[in-house]
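Peer 1: Shown below is the structure under consideration.
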Amino acid sequence: MGIWTVAGEISFIILIVFFVSFAVFSLLEREKKAFQRSLFFLLLLICINYLLFFIPLSLKNWIFGSVFIVIATAFVILVFSPSPKRKTEIVGEQKQIDERDIIFARFDYREGSEIFKEYYKQNTIYKKIDDEIRKLPDILSSPHVKKSPLFFSLANAEFDFLEAQLTNVKGVKGSERIELSLHKNTKVIKNVMRYLGSDICGICELDKSYLYSNVGRGPEQYGEKIENNDKYAVVFAVEMDYEMIRTSPKSPVIVETAKKYVETAKISIIAANFIRRLGYSSRAHIAGSNYQAMLVPLAWKAGLGELGRMGILVTKKFGPRVRLGLVTTDLPLIVDKPENFGVQDFCAKCQKCARNCPAQAITYDEKVKENGVLKWVINREECYRFWRKVGTDCATCVFVCPYSKPDNLFHNLIRKVISKSSIVQSSAVFADDLFYGRNPQNKKSPLDL
C-alpha cells in the first residue's frame with residue numbers, strides 16, 4: 001500500500017468519524033433531518049472508500065492521493081482564511097432611552113387612564129399603530145389560555161410569582177463594610193453568581209447612557225427620573241431549555257421564558273442583598289417591569305456576547321438562547337471587555353432568523369445607525385403584534401439561529417471553528433440549511449401537560 005493510499009485512507013477515516021459523531025449527536029438531539037442526511041453522507045463515504053480498494057494499485061494511489069490533497073488543501077484554506085473582523089461599532093453619541101417609550105411600557109398603559117391620555121398626547125407618533133395592536137388579545141390573556149389552558153396557566157403562575165418580587169430589588173446597605181481586594185471582590189461575586197445559578201457572568205462599568213432616563217412601568221412612580229449612582233454592572237445569563245425553545249412559537253415557549261425570568265430574578269435579588277450586607281449599595285434589575293437599565297448593551301460591554309441580526313444578544317456558548325439578569329453596585333470590581341467571536345460577520349451571511357421570522361420583523365438589509373450604534377434594527381411593533389396574535393413571546397428567531405444549538409462537544413467545536421474563519425462561516429451557513437433545513441420545523445414539547 002503506497003503512502004498516498006495511506007494518506008487518503010486517513011482522510012476518509014477523519015471524514016467518517018466526523019459524520020459518525022454528527023449522526024450520533026443528531027439522533028440524541030431528535031434532529032430527524034440532520035440525522036438522516038448525516039447518515040446518508042456517512043454511508044456514501046463508507047461505500048466509496050470500500051469500492052476504491054478494488055481498483056488497480058496505481059490508480060488507487062492516484063485517487064487516494066487526490067482525495068488527501070483536496071482535503072488537506074481545504075483544511076489549510078479553512079484554517080488560514082481571514083478571521084471574522086467586524087465588531088459592534090459605536091459610531092456616535094448614545095443618549096438615554098426613556099422607558100416610557102419602549103413597547104412593553106406603552107402596552108402597560110390602561111386605555112382611558114390619565115397616564116394613557118398624557119402619554120399619547122405627547123407621543124402621537126405611536127398612537128395609530130398601538131391602537132391597531134391593542135385590538136388583538138393580550139399575551140397570556142383569556143382567548144389564548146383557552147387554546148392551551150395548562151401551559152398558559154403555568155406561565156401566568158410563573159409571571160404572578162415574578163410580579164410579587166418587584167419590590168424586593170433594593171434595600172438598605174449594611175452599616176459595616178467588609179473591605180476586600182479588587183481581585184477578591186470580583187472572584188467572590190462571580191463565584192456567588194455561578195453558585196446561585198447563572199451560566200455566564202461578566203462585569204462592566206455602568207454606562208449611564210444605558211440607564212433609562214425615566215420610569216415607564218413597574219412599582220415606581222410613572223415618569224419619575226431614574227437616579228442610579230452605582231459604578232458597576234454585574235450582568236449574567238441563564239440558559240433556556242433547548243427542547244422547550246424548539247416548540248416556538250407555541251405555548252411552551254412562554255412557560256420557559258417565564259421560568260428563566262423567575263430564575264434571573266431570584267439570582268439578582270439574592271446577589272444584590274448579599275452585596276448590601278457587605279456594606280455596599282446594590283440593586284437587582286428584574287423582568288416583570290422593574291429594570292432601570294438596558295441589559296443587552298450592558299451584557300455586550302461585560303463580554304457576554306454580541307448583538308445579532310435579530311436585535312438580541314448572541315452568546316458564544318448558547319447563542320441567543322438565554323435570559324439576562326443584572327445587578328448594579330458600587331462594590332469595587334475588575335471589569336471585563338467586549339468579546340468579538342464573529343457574530344457580526346456570521347449574521348451578515350446567515351439571515352436565517354429574518355427568513356423564518358413569522359412577523360417578517362427582522363431586516364435583511366445592512367446595519368443602520370440607531371442611537372449611536374451601527375446595528376440591525378428590527379420592526380419592534382410588528383414583532384410585538386405577532387406576539388399578541390399567538391399569545392407568546394414567539395422565539396422563532398432564537399430557535400432557528402445556528403448559534404442556539406445545544407451546548408455539547410460537537411456543536412462547541414463548530415462554534416470554535418467558525419469564530420476563527422470567514423470561509424468556515426460561509427460553509428457553516430450552507431451546512432446548517434442543508435442538514436437542519438432552511439425553515440426548521442418546531443417540535444413537540446418535552447413537558448407533558
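Going by the C-alpha cells order, chains are called A, B, ..., each with residues numbered from 1, while ligands are numbered from 1 in the order shown.
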Using only C-alpha atoms, which residues sit within 10 Å of A:Phe19 once same-chain residues fewer than 4 positions away are excluded, as an MDAnalysis selection string?

Peer 2: chainID A and resid 13:15 23:25 35 37:43 45

Peer 1: Write out, as a short mmCIF file (atom, residue, chain, number, x, y, z; two decimals), in the first residue's frame, the residues just selected, with C-alpha atoms.

Peer 2:
data_model
loop_
_atom_site.label_atom_id
_atom_site.label_comp_id
_atom_site.auth_asym_id
_atom_site.auth_seq_id
_atom_site.Cartn_x
_atom_site.Cartn_y
_atom_site.Cartn_z
CA ILE A 13 -11.35 7.94 8.32
CA ILE A 14 -11.39 11.55 9.58
CA LEU A 15 -14.47 12.33 7.46
CA ALA A 23 -25.19 11.35 13.22
CA VAL A 24 -24.95 10.31 16.87
CA PHE A 25 -25.43 13.86 18.21
CA PHE A 35 -29.61 12.53 11.38
CA ARG A 37 -28.61 13.46 5.96
CA SER A 38 -25.52 12.90 8.07
CA LEU A 39 -26.19 9.16 7.88
CA PHE A 40 -26.50 9.42 4.08
CA PHE A 41 -23.10 11.13 3.79
CA LEU A 42 -21.60 8.63 6.23
CA LEU A 43 -22.81 5.63 4.20
CA LEU A 45 -18.20 7.83 2.29
#

Peer 1: Please determine, counting only C-alpha atoms, which residue among A:Pro137, A:Gly391, A:Gly311, A:Gly197 has the shortest atom-to-atom distance to A:Glu239.

Peer 2: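 For A:Glu239, the nearest of the candidates is A:Gly197.
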
Peer 1: Skipping near chain neighbours, those fewer than 4 positions away, what residues fall within 10 Å of A:Arg385 using only C-alpha atoms, listed as a PDB file with N, CA, C and O atoms, in the first residue's frame?

Peer 2:
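Output below, filename selection34.pdb:
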ATOM      1  N   ILE A 129     -50.499  52.962  15.393  1.00  0.00           N
ATOM      2  CA  ILE A 129     -50.107  51.555  15.353  1.00  0.00           C
ATOM      3  C   ILE A 129     -50.396  50.865  16.681  1.00  0.00           C
ATOM      4  O   ILE A 129     -50.794  49.688  16.712  1.00  0.00           O
ATOM      5  N   ASP A 130     -50.238  51.580  17.796  1.00  0.00           N
ATOM      6  CA  ASP A 130     -50.538  50.978  19.091  1.00  0.00           C
ATOM      7  C   ASP A 130     -52.027  50.663  19.215  1.00  0.00           C
ATOM      8  O   ASP A 130     -52.407  49.622  19.771  1.00  0.00           O
ATOM      9  N   GLU A 132     -53.989  49.863  16.777  1.00  0.00           N
ATOM     10  CA  GLU A 132     -54.236  48.684  15.944  1.00  0.00           C
ATOM     11  C   GLU A 132     -53.842  47.409  16.683  1.00  0.00           C
ATOM     12  O   GLU A 132     -54.567  46.409  16.665  1.00  0.00           O
ATOM     13  N   ILE A 133     -52.680  47.444  17.336  1.00  0.00           N
ATOM     14  CA  ILE A 133     -52.200  46.253  18.043  1.00  0.00           C
ATOM     15  C   ILE A 133     -53.081  45.944  19.248  1.00  0.00           C
ATOM     16  O   ILE A 133     -53.318  44.775  19.581  1.00  0.00           O
ATOM     17  N   ARG A 134     -53.638  46.968  19.892  1.00  0.00           N
ATOM     18  CA  ARG A 134     -54.490  46.751  21.064  1.00  0.00           C
ATOM     19  C   ARG A 134     -55.788  46.025  20.718  1.00  0.00           C
ATOM     20  O   ARG A 134     -56.462  45.496  21.614  1.00  0.00           O
ATOM     21  N   LYS A 135     -56.130  45.984  19.469  1.00  0.00           N
ATOM     22  CA  LYS A 135     -57.332  45.243  19.063  1.00  0.00           C
ATOM     23  C   LYS A 135     -57.135  43.738  19.193  1.00  0.00           C
ATOM     24  O   LYS A 135     -58.096  42.975  19.237  1.00  0.00           O
ATOM     25  N   LEU A 136     -55.871  43.316  19.236  1.00  0.00           N
ATOM     26  CA  LEU A 136     -55.559  41.896  19.397  1.00  0.00           C
ATOM     27  C   LEU A 136     -55.543  41.539  20.881  1.00  0.00           C
ATOM     28  O   LEU A 136     -55.200  42.378  21.720  1.00  0.00           O
ATOM     29  N   PRO A 137     -55.905  40.301  21.241  1.00  0.00           N
ATOM     30  CA  PRO A 137     -55.866  39.905  22.664  1.00  0.00           C
ATOM     31  C   PRO A 137     -54.448  39.971  23.204  1.00  0.00           C
ATOM     32  O   PRO A 137     -53.480  39.694  22.489  1.00  0.00           O
ATOM     33  N   ASP A 138     -54.346  40.340  24.463  1.00  0.00           N
ATOM     34  CA  ASP A 138     -53.034  40.483  25.085  1.00  0.00           C
ATOM     35  C   ASP A 138     -52.362  39.119  25.240  1.00  0.00           C
ATOM     36  O   ASP A 138     -53.014  38.069  25.229  1.00  0.00           O
ATOM     37  N   ILE A 139     -51.046  39.139  25.378  1.00  0.00           N
ATOM     38  CA  ILE A 139     -50.295  37.910  25.635  1.00  0.00           C
ATOM     39  C   ILE A 139     -50.803  37.286  26.940  1.00  0.00           C
ATOM     40  O   ILE A 139     -51.027  37.987  27.934  1.00  0.00           O
ATOM     41  N   ALA A 359     -43.326  37.208  11.635  1.00  0.00           N
ATOM     42  CA  ALA A 359     -43.834  38.579  11.520  1.00  0.00           C
ATOM     43  C   ALA A 359     -43.075  39.372  10.472  1.00  0.00           C
ATOM     44  O   ALA A 359     -43.449  40.502  10.163  1.00  0.00           O
ATOM     45  N   ALA A 361     -40.321  40.739  10.885  1.00  0.00           N
ATOM     46  CA  ALA A 361     -39.909  41.940  11.619  1.00  0.00           C
ATOM     47  C   ALA A 361     -38.398  42.118  11.637  1.00  0.00           C
ATOM     48  O   ALA A 361     -37.907  43.143  12.096  1.00  0.00           O
ATOM     49  N   ARG A 380     -40.024  46.579  15.828  1.00  0.00           N
ATOM     50  CA  ARG A 380     -40.486  46.158  17.150  1.00  0.00           C
ATOM     51  C   ARG A 380     -42.001  46.022  17.217  1.00  0.00           C
ATOM     52  O   ARG A 380     -42.520  45.125  17.887  1.00  0.00           O
ATOM     53  N   GLU A 381     -42.704  46.917  16.529  1.00  0.00           N
ATOM     54  CA  GLU A 381     -44.164  46.867  16.560  1.00  0.00           C
ATOM     55  C   GLU A 381     -44.700  45.611  15.872  1.00  0.00           C
ATOM     56  O   GLU A 381     -45.632  44.964  16.373  1.00  0.00           O
ATOM     57  N   LYS A 389     -50.799  37.968  18.587  1.00  0.00           N
ATOM     58  CA  LYS A 389     -51.575  37.035  17.760  1.00  0.00           C
ATOM     59  C   LYS A 389     -51.489  35.610  18.290  1.00  0.00           C
ATOM     60  O   LYS A 389     -52.477  34.870  18.278  1.00  0.00           O
ATOM     61  N   VAL A 390     -50.273  35.214  18.740  1.00  0.00           N
ATOM     62  CA  VAL A 390     -50.084  33.833  19.201  1.00  0.00           C
ATOM     63  C   VAL A 390     -50.155  33.695  20.719  1.00  0.00           C
ATOM     64  O   VAL A 390     -50.253  32.583  21.242  1.00  0.00           O
ATOM     65  N   GLY A 391     -50.058  34.816  21.439  1.00  0.00           N
ATOM     66  CA  GLY A 391     -50.159  34.772  22.892  1.00  0.00           C
ATOM     67  C   GLY A 391     -48.872  34.422  23.605  1.00  0.00           C
ATOM     68  O   GLY A 391     -48.870  34.220  24.826  1.00  0.00           O
TER      69      GLY A 391
END

Peer 1: Using only C-alpha atoms, determine which residues lie at most 9 Å from A:Pro82, disregarding the query and same-chain residues fewer than 2 positions distant; provide the list as a ChimeraX atom specification.

Peer 2: /A:78-80,84-85,420-423

Peer 1: I'd like a table as CSV: residues in stretch 27-145 of chain A with an atom no more than 12 Å from stretch 241-250 of chain A, each row giving the shortest atom pair and its distance in Å to one decimal, only C-alpha atoms counted, sorted by chain and rising residue number.

Peer 2:
residue,atom,partner,partner_atom,distance
A:Leu28,CA,A:Glu243,CA,11.7
A:Glu29,CA,A:Glu243,CA,8.7
A:Arg30,CA,A:Glu243,CA,9.5
A:Glu31,CA,A:Arg246,CA,10.7
A:Ile139,CA,A:Lys250,CA,12.0
A:Leu140,CA,A:Lys250,CA,11.7
A:His144,CA,A:Lys250,CA,10.6
A:Val145,CA,A:Lys250,CA,11.8

Peer 1: Find the spatial neighbours of stretch 289-298 of chain A, counting only C-alpha atoms, within a cut-off of 7 Å - ignore same-chain residues fewer than 3 positions away - and output them as a short mmCIF file (atom, residue, chain, number, x, y, z; two decimals) with N, CA, C and O atoms, in the first residue's frame.

Peer 2:
data_model
loop_
_atom_site.label_atom_id
_atom_site.label_comp_id
_atom_site.auth_asym_id
_atom_site.auth_seq_id
_atom_site.Cartn_x
_atom_site.Cartn_y
_atom_site.Cartn_z
N LEU A 166 -41.18 42.31 42.64
CA LEU A 166 -40.78 43.62 42.12
C LEU A 166 -40.28 44.58 43.20
O LEU A 166 -39.44 45.44 42.93
N TYR A 210 -26.86 53.77 29.22
CA TYR A 210 -27.65 52.55 29.15
C TYR A 210 -28.67 52.45 30.28
O TYR A 210 -29.39 51.46 30.39
N LEU A 211 -28.72 53.48 31.14
CA LEU A 211 -29.80 53.59 32.11
C LEU A 211 -31.00 54.25 31.44
O LEU A 211 -30.84 55.16 30.63
N TYR A 212 -32.20 53.80 31.76
CA TYR A 212 -33.38 54.51 31.29
C TYR A 212 -33.41 55.89 31.97
O TYR A 212 -32.96 56.04 33.12
N ARG A 217 -42.78 51.92 33.73
CA ARG A 217 -43.66 50.87 34.27
C ARG A 217 -43.07 50.34 35.56
O ARG A 217 -41.94 50.66 35.93
N GLY A 218 -43.83 49.51 36.24
CA GLY A 218 -43.35 48.92 37.48
C GLY A 218 -43.91 49.62 38.70
O GLY A 218 -44.77 50.50 38.59
N HIS A 285 -32.14 44.16 39.06
CA HIS A 285 -32.99 44.64 37.96
C HIS A 285 -33.66 43.41 37.37
O HIS A 285 -32.98 42.52 36.83
N ILE A 286 -35.00 43.33 37.49
CA ILE A 286 -35.67 42.09 37.12
C ILE A 286 -36.80 42.33 36.12
O ILE A 286 -37.35 43.42 36.02
N LYS A 301 -21.11 44.89 26.72
CA LYS A 301 -19.96 45.58 27.30
C LYS A 301 -19.24 44.70 28.33
O LYS A 301 -18.02 44.80 28.49
N ALA A 302 -19.99 43.80 28.99
CA ALA A 302 -19.41 42.94 30.01
C ALA A 302 -18.83 41.65 29.42
O ALA A 302 -18.37 40.78 30.16
N ILE A 312 -31.12 40.89 19.56
CA ILE A 312 -30.85 40.49 20.94
C ILE A 312 -29.43 39.94 21.04
O ILE A 312 -28.75 39.76 20.02
N LEU A 313 -29.00 39.65 22.27
CA LEU A 313 -27.63 39.22 22.49
C LEU A 313 -27.43 37.78 22.01
O LEU A 313 -28.26 36.91 22.26
N LEU A 324 -31.30 37.27 30.34
CA LEU A 324 -30.29 38.08 31.02
C LEU A 324 -30.77 38.58 32.38
O LEU A 324 -31.97 38.79 32.58
N LEU A 326 -29.36 41.32 35.83
CA LEU A 326 -28.47 42.44 36.12
C LEU A 326 -28.52 42.82 37.59
O LEU A 326 -29.60 42.89 38.19
#
